[in-house]
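> Let me give you the structure first, and then I'll get to my questions.
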Amino acid sequence: MPSACGASEHGVAVSQPPGRFAQHLASVAPPPLMDLGAALAHPSLEALPTLLSPEVLPRLEELAQQAREVTLQRFGRAVRLFAPLYVSNACLSSCTYCGFSKELDVARRTLTVEQVVSEARTLVDRGFRHLLLVSGEHRVEVSADYLVQCVEALRPFVPSISVETQTWSDDTYARLVAAGLEGVVHYQETYDRERYAETHLAGWKRDYDRRLSSTERAAEAGVRRLGIGALLGLSADWRADVLAVARHAVWLQRTYWRTEVTVSLPRIKASASGFQPLVPVSDAEYVQALCALRLAAPEAGIVLSTREPAALRDGLARIAVTSMSAGSSTEPGGYLTPGEAQEQFSVSDERTPAQVAAMLEAAGYEPVWKDAFPLVELG
Amino acid sequence: MEDQWSVADRVLTSRLLVGTGKFRSHAVMREALLASGAEVVTVALRRVDLDKVGEGDVLDFVPPGMHLLPNTSGAVDADEAVRLARLGRAGTGTDLVKLEVTPDPRTLAPDPIETLRAAERLVAERFVVLPYCSADPVLCRHLEEAGCATVMPLGAWIGSNRGLRTRDAIEVIVEQAHVPVVVDAGLGVPSDAAEAMEIGASAVLVNTAIAVAADPVLMARAFALATQAGRMGHLAGRGAVLEQAEASSPLTGFLQ
């Protein structure tokens, strides 16, 4: 197994040893394909490669019906709504598919804490109570101190705050939890070490093991919601990534029993990077992937962003998805002062949050705007 | 027949308590609450948005006249439960609280240790505490001694619709309790509620079974009738359970 090398701030190559899940993943072989009827009758991690195989596509409706049953039983007729709040697109990492990649000559912006508060107020006015602070990977512009300040400034009026930033190896997760943070999101993008090395060229993110073990560090620091995911289309074998992410979800739930886990499988979108996916994942395959994931990891929430078009999102909300963003901007400052900075990717579903909520209601689902409470004593 | 019961100083006639989660819409929830005839309705404080009351918050759909029973669902330890209960009392004005402490999001099993700790603190702060708890006779004794207004042992895993899986333990809890025993969680069909009432529970709390039914309003009515039927069956006093058949008109009856 090649060791992943990251570059420190001073250019010295460093890498972290494999974490607990990485060791677990290396110790399990992919389950063999099984009889399709048996896989559908007893869906599980062992059945997942079969459920992801092309031969399922003619029986996709059957798979979707089963996924819907499981979703309804576990999560009810409710979909949690959240909004991403991009705080910065400054980045010290170089990832071949990302619009924020450090070598790209794009308009960069890091919001002040006051600007973050203003953006958040706009989102709260639109109904959101669950916010996800998103940034590029820049430990100077988006430092631990900065993030703690953001959480402290937002917590009086935002009951649920999560972050999707660079990974941290120090006490940052614990500091954020103490400040009132609910969730941490770190997508591995691809679990294939070779493909990971080909697409993550520099910065902290180059270190595969640092990234993969970050959710473990976050759970140990008391973060109660962990978001993981893979970027479908990044690796040629998207099915292997779905299997790995399902294993990751189940392993995290078993290892950190206090922690809730959500999974996302974004498909690569066009960005300023000009990246073209190796293998496009069709809409039918995408539905198959989410249904199979629901059956193999029935207790994991499934998150769907506005990368996907409205019709597909509407369909998936009835099958497997439990959490959706709406009315998103992927540009720092994009809710109040759009057009000043580069967006990460272009959104497909451009409906307003109210329109997405109305769609859910019409489909017989409750749009859940608030499902949280302050996690620290507010003065 | 007047058959009332009470929680602290609230005198109640209906023995069906209902929840507000998992409904497809607030409007359907409201219709189901009305159909249930319930007088107590529990609401998760984490779902309540006091800034939106009057603008479509879940509280706006609770029929007037029902006792609101805020719950601490989502709390993972005693500290969080106490903080949530205080927020709930400040926001809704009621001193009733359904105490839920569930640190494991997978099973949502109640934490006996943290629940007891939270109950002691909340009672000291003059809350009327209705604790959701494991069907454990000794834990229920502790909760009662801590000053809880009821105990609420689970019938089965929450949301599972598996029925009265804890029947043996509930029978002991009912037999020993000096406070009302409300069977909470897991009751999946109306006959489950009837069974709990027949063995002497004071009341049942039902949410998922009603909320996820194809017709929640009809299911709410069915649970209301089953709860009443079970209660009547309990009051009527069942006959002995025998090992073998006994003719209903014994042959020597003429001798008496």
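Chain identifiers are assigned as A, B, and so on, following the order in which chains appear in the structure tokens; residues are numbered from 1 within each chain, and ligands are numbered from 1 in order of appearance.
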Which neighbours of Ala27 in chain B fall inside 12 Å, counting only C-alpha atoms, when residues of the same chain fewer than 2 positions from it are skipped, and could you give them as a list in words?

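Within the cut-off, the hits are Glu361, Gly364, Tyr365 and Glu366 of chain A; Thr20, Phe23, Arg24, Ser25, Met29, Arg30, Glu31, Ala32, Leu33, Leu34, Gly56, Asp57, Val58, Leu59, Asp60, Phe61, Val62, Pro63, Ala211, Pro216 and Val217 of chain B.
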
> Restrict the distance test to only C-alpha atoms, flag each residue of chain B within 7 Å of chain A, and return the flagged residues as an MDAnalysis selection string.

chainID B and resid 22:25 46:47 49 103:106 212

> Using only C-alpha atoms, tabulate the residues of range 103-191 of chain B lying at most 12 Å from any atom of range 226-233 of chain B, each with its closest atom pair and that distance in Å to one decimal, by chain and increasing residue number, as CSV.


```
residue,atom,partner,partner_atom,distance
B:Val182,CA,B:Thr227,CA,11.8
B:Val183,CA,B:Thr227,CA,11.4
B:Leu187,CA,B:Thr227,CA,11.4
B:Val189,CA,B:Ala226,CA,9.2
B:Pro190,CA,B:Ala226,CA,5.4
B:Ser191,CA,B:Ala226,CA,6.3
```

> Can you pull out the residues contacting Thr199 in chain A? Cut-off 10 Å, using only C-alpha atoms, and skip same-chain residues under 6 positions away; I want them as a PDB file with N, CA and C atoms, in the first residue's frame.


```
ATOM      1  N   SER A  94      -4.550  21.338  -3.220  1.00  0.00           N
ATOM      2  CA  SER A  94      -4.709  21.283  -4.659  1.00  0.00           C
ATOM      3  C   SER A  94      -5.402  19.987  -5.026  1.00  0.00           C
ATOM      4  N   CYS A  95      -6.660  20.121  -5.455  1.00  0.00           N
ATOM      5  CA  CYS A  95      -7.458  18.951  -5.800  1.00  0.00           C
ATOM      6  C   CYS A  95      -7.945  19.149  -7.233  1.00  0.00           C
ATOM      7  N   THR A  96      -7.742  18.155  -8.062  1.00  0.00           N
ATOM      8  CA  THR A  96      -7.883  18.363  -9.508  1.00  0.00           C
ATOM      9  C   THR A  96      -9.304  18.669  -9.954  1.00  0.00           C
ATOM     10  N   TYR A  97     -10.288  18.387  -9.087  1.00  0.00           N
ATOM     11  CA  TYR A  97     -11.693  18.511  -9.503  1.00  0.00           C
ATOM     12  C   TYR A  97     -12.393  19.724  -8.906  1.00  0.00           C
ATOM     13  N   CYS A  98     -11.671  20.500  -8.051  1.00  0.00           N
ATOM     14  CA  CYS A  98     -12.366  21.483  -7.215  1.00  0.00           C
ATOM     15  C   CYS A  98     -12.159  22.904  -7.696  1.00  0.00           C
ATOM     16  N   GLU A 189     -14.022  11.656  -0.456  1.00  0.00           N
ATOM     17  CA  GLU A 189     -14.033  11.861  -1.921  1.00  0.00           C
ATOM     18  C   GLU A 189     -13.880  10.529  -2.660  1.00  0.00           C
ATOM     19  N   THR A 190     -12.732   9.848  -2.482  1.00  0.00           N
ATOM     20  CA  THR A 190     -12.631   8.455  -2.945  1.00  0.00           C
ATOM     21  C   THR A 190     -11.834   7.670  -1.915  1.00  0.00           C
ATOM     22  N   ARG A 206      -3.858  16.113   0.794  1.00  0.00           N
ATOM     23  CA  ARG A 206      -3.134  15.060   0.080  1.00  0.00           C
ATOM     24  C   ARG A 206      -2.960  13.816   0.962  1.00  0.00           C
ATOM     25  N   LEU A 234     -15.325  10.414  -9.412  1.00  0.00           N
ATOM     26  CA  LEU A 234     -13.911  10.733  -9.218  1.00  0.00           C
ATOM     27  C   LEU A 234     -13.070   9.487  -9.497  1.00  0.00           C
ATOM     28  N   SER A 235     -13.537   8.353  -8.979  1.00  0.00           N
ATOM     29  CA  SER A 235     -12.836   7.096  -9.232  1.00  0.00           C
ATOM     30  C   SER A 235     -13.604   6.344 -10.314  1.00  0.00           C
TER      31      SER A 235
END
```

> Which residues, written as a list in words, have at least one atom at most 7 Å from range 166-174 of chain B, with only C-alpha atoms counted and residues fewer than 5 positions away on the same chain left out?

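Residues meeting the cut-off are Ala135, Asp136, Pro137, Gly155, Ala156, Val181, Ile199, Gly200 and Ala201 of chain B.
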
> Would you kindly return, as a VMD selection string, each protein, DNA or RNA residue with an atom no farther than 12 Å from any atom of Glu62 in chain A, considering only C-alpha atoms and excluding same-chain residues fewer than 5 positions away?

chain A and resid 36 to 37 40 to 41 51 56 to 57 67 to 69 287 to 288 291 to 292 319

> Give me the residues within 6 Å of range 81-91 of chain A as number ranges by chain, counting only C-alpha atoms and dropping any in the same chain fewer than 2 places off.

A: 93, 100, 102, 108-111, 130-138, 323-325, 331-332, 368-369

> List the spatial neighbours of Cys140 in chain B as a list in words - criterion: any atom at most 8 Å away, only C-alpha atoms, same-chain residues fewer than 6 positions off excluded.

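These residues fall inside the cut-off: Cys133, Val151, Pro153, Ile173 and Ala177 of chain B.
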
> Go through range 35-172 of chain A and collect every residue that DSSP, computed from the backbone, puts in strand (DSSP E); the answer should be as a ChimeraX atom specification.

/A:78-88,94-95,130-135,160-164

> Can you measure CA of Ala209 in chain B to CA of Ile302 in chain A for me? One decimal in Å is fine.

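Distance between the two atoms: 23.6 Å.
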
> Tell me, in Å to one decimal, how far CA of Pro298 in chain A is from CA of Thr71 in chain A.

7.4 Å
